[in-house]
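Novice: Once you've had a glance at the structure underneath, I'll fire off some questions.
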Amino acid sequence: MKKYIKHIKKYWYCFALGPMFVILEACGEFILPFISANIINKGAANHDIQYILKNGFIMILIAAGMLAAGLLGAFFAVRGAARVAAGIRKDSFDKIQTFSFSDIDRFSTGSLITRVTNDITQIQNFTQTLMRGFFRSPVMLTGALLMSFKMNSEIAVVVLIAVPVLALATFLIIKTASPRYTKMQEQLDTLNTGIGESITNEKVIKSFVREDYEKAKFKAINETLMDKSISALKMMILMQPVSALTINITTLAVVWVAGRQVMVGDMEIGTLTAFITYLSQVLTALNILAHVFLQGTRAAASNRRVSELLNTVSDIRDDSASQKEKIISNGSVEFKNVSFRYFKDSKHPVLDKINLIINPGELVGIVGSTGSGKTTLVSMIPRLYDPDEGEIYVDKTNVKELSLYNLRESVAVVLQKNTLFSGTIAENLRWGRENASDKELAEACEIAQADSFISSFPDGYETEIGQGGGNLSGGQRQRICIARALLKNPKIMILDDSTSAVDTATDARIRQAFREKLPHITKIIIAQRISSVIDADKIIVMDSGKITACGTHDELIKSCETYQEIYYSQKDREECNSDE
């Protein structure tokens, strides 16, 4: 709980008042049997109605106080646990926002979702159980044992023997259950990842008629989780019969010993009744403690996973940046001997000794085969990844010396996967700049060739977008994403195959608008179609993580064999399509 102390301090009154009221309730538990025994032994035996009524009224008052204390204890326990869980969840989400792409790849999306939801819920449940059970049980246990010894030490020894037996059984069960809970939570990661993939890619599944395959895959994952859950939870189930057996054997022993004393007149009936009640309280207290520890075992497995998340130090940060205050004034970019591997023990780098200079305001095209490292290369500019070797400079400053905020504010990236959020088109556009006016939205959309189709919608810019932009075409989503990036007023704009779903005429108009209206912005365009970069100031040709050629279209068509192959294959295809 140490790492959560800041949240506990914030709601200290819950963690002070909750246990206090729980302890007050527990005190009543061992007082009531004592008064009840006196009513039987003195009031009933002597037919003293006044004594019975007086002590009965005291019992009613104590019971009412216990009810109030119990309700208040539960209220503060639930409130405190929920508040702490909300704080941990916020810390976890905030930490994820600091992660680099490689950090997210290492955890996986499904695992991160499980940690922020289910794992923190387990911690919340344990905190609540701890506040109610951990403080209640010792008071009940101690009080019941003391009262038992006060009333009859010989029989109290019988009760005391049951305590270590049940404690040993609890220890063995917890020791076995702990690793099983960890495996159960890990399998829950797998389930969440599978569900996320299936729901996100439902259109692909249906188009390939793979519903049966997905059902079978989910069934296998679900059954594995079921098996691991049963394996872990059956240890908790085992606790109940073990406790019941211990309680029953101890009760028989108490009745056997006490019964003989009652028969010879050494013990009164009221005392025997109280003893059985105290025995029940002792074993109930042990059961509650066992439940706390079992709940703690599951919470401990979840806590390790949440701690792993919270203790992760992102491999991309700006703690030691020497020029945090610097604002990027131009869009120059330079790569010096940059190499990178996604898997650090891999023999073949994704990028190998990259050297490249991009001048401010240039339009630069990047072409190459799939897997040649194009996306990885441009991801280095806003530090979505950091190189393993070499250095990257923006505005003649090493990107590691700039603040991440200032760097990323100056770079707009439109990724291959066009991500839109539920809400209106205007709300999505204002991700680029929150306070952008309607006029600025329209201007950005005009450059991105999106204004015409948005205006054709009945609600225009207030048109609601479904999750992921499912009610828009691929080309429409791409153009909205480009407009959103333009609203940042970036110094560097990166388009990663972001016009692939746009027809060639619209693509040409977008490039023309870039030339005419954004001459001050450095524009880097990754494209599969040569026509998308044919008029670039320079075109970079990549193959197997290396830059194999760099120049204008006219220069490359004469000197670069790879570029020639790409260009003529696309040209032939276009001619065939036009003939048809």
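Here's how to read the names in the structure tokens: chain A, B, ... by the order shown, residue numbers from 1 in each chain, ligand numbers from 1 in the order shown.
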With only C-alpha atoms as the counted atoms, please give the residues lying no more than 12 Å from A:Ala501, apart from itself and same-chain residues fewer than 3 positions off, as a list of chain:residue names.
Specialist: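 In the requested form, the answer reads A:Gln416, A:Lys417, A:Asn418, A:Leu472, A:Ser473, A:Gly474, A:Gly475, A:Gln476, A:Arg477, A:Gln478, A:Arg479, A:Asp497, A:Ser498, A:Thr504, A:Ala505, A:Thr506, A:Asp507, A:Ala527, A:Gln528, A:Arg529, A:Ser532.
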Novice: Need to verify the contact set: stretch 383-394 of chain A, 8 Å, only C-alpha atoms, exclusion of same-chain residues closer than 5 positions in sequence. Can you return it as a ChimeraX atom specification?
Specialist: /A:100-102,316,328,331-341,353,376,399,404
Novice: Hey, which of A:Ile530, A:Ile35, A:Ile521, A:Leu112 ends up closest to A:Leu309? Count only C-alpha atoms.
Specialist: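 Among the listed residues, the smallest separation from A:Leu309 belongs to A:Leu112.
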Novice: Just the number, please: distance in Å from atom CA of A:Glu401 to atom CA of A:Val413, one decimal.
Specialist: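 Interatomic distance, atom CA of A:Glu401 to atom CA of A:Val413: 20.5 Å.
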Novice: Mind checking which residues fall within 8 Å of A:Gly469, counting only C-alpha atoms, ignoring those fewer than 6 positions away in the same chain, and posting them as a list in words?
Specialist: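 Here the qualifying residues turn out to be Thr419, Leu420, Phe421, Ser422 and Arg477 of chain A.
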Novice: Quick one, how far is atom CA of A:Ile534 from atom CA of A:Asp554?
Specialist: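 Atom CA of A:Ile534 sits 8.9 Å away from atom CA of A:Asp554.
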Novice: Identify, on the basis of only C-alpha atoms, every residue whose closest approach to stretch 147-151 of chain A does not exceed 10 Å; exclude the query and any residue fewer than 6 positions from it along the same chain; express the result as a VMD selection string.
Specialist: chain A and resid 30 to 31 33 to 34 157 159 to 160 267 271 to 272 274 to 279 282
Novice: Residues as selected, N, CA and C atoms, written as an mmCIF file, in the first residue's frame, can you do that?
Specialist:
data_model
loop_
_atom_site.group_PDB
_atom_site.id
_atom_site.type_symbol
_atom_site.label_atom_id
_atom_site.label_comp_id
_atom_site.auth_asym_id
_atom_site.auth_seq_id
_atom_site.Cartn_x
_atom_site.Cartn_y
_atom_site.Cartn_z
ATOM 1 N N PHE A 30 -18.586 -9.168 21.486
ATOM 2 C CA PHE A 30 -18.240 -10.010 22.626
ATOM 3 C C PHE A 30 -18.843 -9.517 23.948
ATOM 4 N N ILE A 31 -19.485 -8.342 23.928
ATOM 5 C CA ILE A 31 -20.181 -7.866 25.128
ATOM 6 C C ILE A 31 -21.570 -8.502 25.237
ATOM 7 N N PRO A 33 -22.870 -11.541 24.300
ATOM 8 C CA PRO A 33 -23.010 -12.880 24.894
ATOM 9 C C PRO A 33 -22.849 -12.879 26.423
ATOM 10 N N PHE A 34 -21.966 -12.007 26.930
ATOM 11 C CA PHE A 34 -21.750 -11.931 28.378
ATOM 12 C C PHE A 34 -23.021 -11.465 29.087
ATOM 13 N N VAL A 157 -9.264 -23.255 26.652
ATOM 14 C CA VAL A 157 -8.088 -23.885 26.047
ATOM 15 C C VAL A 157 -8.499 -24.699 24.831
ATOM 16 N N VAL A 159 -10.959 -24.031 22.833
ATOM 17 C CA VAL A 159 -11.188 -23.056 21.759
ATOM 18 C C VAL A 159 -9.863 -22.578 21.181
ATOM 19 N N LEU A 160 -8.891 -22.360 22.070
ATOM 20 C CA LEU A 160 -7.595 -21.827 21.648
ATOM 21 C C LEU A 160 -6.848 -22.789 20.729
ATOM 22 N N MET A 267 -21.009 -25.598 35.903
ATOM 23 C CA MET A 267 -21.233 -24.547 34.893
ATOM 24 C C MET A 267 -22.719 -24.334 34.716
ATOM 25 N N THR A 271 -23.788 -19.727 30.826
ATOM 26 C CA THR A 271 -22.351 -19.695 30.533
ATOM 27 C C THR A 271 -22.028 -20.592 29.343
ATOM 28 N N LEU A 272 -22.659 -21.788 29.296
ATOM 29 C CA LEU A 272 -22.445 -22.689 28.161
ATOM 30 C C LEU A 272 -22.917 -22.032 26.861
ATOM 31 N N ALA A 274 -23.085 -18.841 26.202
ATOM 32 C CA ALA A 274 -22.123 -17.786 25.858
ATOM 33 C C ALA A 274 -20.857 -18.390 25.273
ATOM 34 N N PHE A 275 -20.417 -19.518 25.840
ATOM 35 C CA PHE A 275 -19.203 -20.163 25.339
ATOM 36 C C PHE A 275 -19.343 -20.582 23.875
ATOM 37 N N ILE A 276 -20.481 -21.173 23.568
ATOM 38 C CA ILE A 276 -20.704 -21.599 22.179
ATOM 39 C C ILE A 276 -20.719 -20.377 21.249
ATOM 40 N N THR A 277 -21.308 -19.271 21.750
ATOM 41 C CA THR A 277 -21.317 -18.034 20.954
ATOM 42 C C THR A 277 -19.899 -17.510 20.752
ATOM 43 N N TYR A 278 -19.097 -17.526 21.851
ATOM 44 C CA TYR A 278 -17.711 -17.050 21.737
ATOM 45 C C TYR A 278 -16.887 -17.949 20.810
ATOM 46 N N LEU A 279 -17.152 -19.250 20.887
ATOM 47 C CA LEU A 279 -16.472 -20.172 19.974
ATOM 48 C C LEU A 279 -16.791 -19.808 18.532
ATOM 49 N N VAL A 282 -14.877 -16.667 17.606
ATOM 50 C CA VAL A 282 -13.445 -16.902 17.376
ATOM 51 C C VAL A 282 -13.222 -17.463 15.985
#
Novice: Using only C-alpha atoms, which of A:Ile539, A:Leu429, A:Ile447, A:Val350 sits nearest A:Thr370?
Specialist: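 Checking each of A:Ile539, A:Leu429, A:Ile447, A:Val350 against A:Thr370, counting only C-alpha atoms, the winner is A:Val350.
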Novice: Would you mind listing what lies within 12 Å of A:Gln185 as a PyMOL selection string, with only C-alpha atoms counted and same-chain residues fewer than 6 positions away left out?
Specialist: chain A and resi 110-115+117-120+122+178-179+191-192+224-226+228-229+232+298-306
Novice: So which bits of stretch 389-483 of chain A end up strand (DSSP E) when you DSSP the backbone, as a ChimeraX atom specification?
Specialist: /A:389-394,397-398,411-414,423-424,464-465
Novice: Pull N, CA and C atoms from the residues just selected and write them as a short mmCIF file (atom, residue, chain, number, x, y, z; two decimals), in the first residue's frame.
Specialist:
data_model
loop_
_atom_site.label_atom_id
_atom_site.label_comp_id
_atom_site.auth_asym_id
_atom_site.auth_seq_id
_atom_site.Cartn_x
_atom_site.Cartn_y
_atom_site.Cartn_z
N GLU A 389 21.17 3.77 -32.57
CA GLU A 389 22.45 4.43 -32.86
C GLU A 389 22.16 5.69 -33.68
N GLY A 390 23.06 6.64 -33.59
CA GLY A 390 22.95 7.85 -34.39
C GLY A 390 22.10 8.92 -33.72
N GLU A 391 21.93 10.02 -34.43
CA GLU A 391 21.23 11.18 -33.88
C GLU A 391 20.29 11.78 -34.92
N ILE A 392 19.22 12.40 -34.41
CA ILE A 392 18.25 13.08 -35.27
C ILE A 392 18.14 14.53 -34.81
N TYR A 393 18.19 15.44 -35.77
CA TYR A 393 18.14 16.87 -35.46
C TYR A 393 16.91 17.50 -36.11
N VAL A 394 16.21 18.34 -35.36
CA VAL A 394 15.13 19.16 -35.88
C VAL A 394 15.48 20.60 -35.54
N THR A 397 18.77 21.06 -33.79
CA THR A 397 18.90 20.66 -32.39
C THR A 397 18.56 19.19 -32.26
N ASN A 398 19.38 18.46 -31.52
CA ASN A 398 19.11 17.05 -31.27
C ASN A 398 17.73 16.92 -30.61
N VAL A 411 5.25 19.01 -34.87
CA VAL A 411 5.20 17.95 -35.89
C VAL A 411 3.79 17.38 -35.94
N ALA A 412 3.18 17.39 -37.11
CA ALA A 412 1.86 16.78 -37.29
C ALA A 412 2.03 15.48 -38.08
N VAL A 413 1.47 14.41 -37.56
CA VAL A 413 1.61 13.10 -38.20
C VAL A 413 0.23 12.57 -38.55
N VAL A 414 0.05 12.20 -39.81
CA VAL A 414 -1.16 11.51 -40.24
C VAL A 414 -0.74 10.08 -40.56
N GLY A 423 -18.14 11.35 -31.94
CA GLY A 423 -18.40 12.78 -31.79
C GLY A 423 -18.66 13.40 -33.15
N THR A 424 -18.70 14.70 -33.21
CA THR A 424 -18.95 15.38 -34.48
C THR A 424 -17.66 15.54 -35.27
N GLU A 464 -22.48 13.72 -36.83
CA GLU A 464 -21.94 12.76 -35.87
C GLU A 464 -21.16 11.66 -36.58
N ILE A 465 -19.98 11.37 -36.06
CA ILE A 465 -19.14 10.29 -36.59
C ILE A 465 -19.27 9.09 -35.67
#
Novice: Residues within 10 Å of stretch 76-91 of chain A, please, as a PyMOL selection string. Count only C-alpha atoms; anything in the same chain fewer than 2 positions from it doesn't count.
Specialist: chain A and resi 3-19+21-22+71-74+93-97+115-117+119-132+306+309-310
Novice: Name the residues in contact with A:Ile237 at a cut-off of 12 Å, using only C-alpha atoms, excluding same-chain residues fewer than 3 positions from it; report them as a PyMOL selection string.
Specialist: chain A and resi 170+173-174+177+229-234+240-244+290-291+294
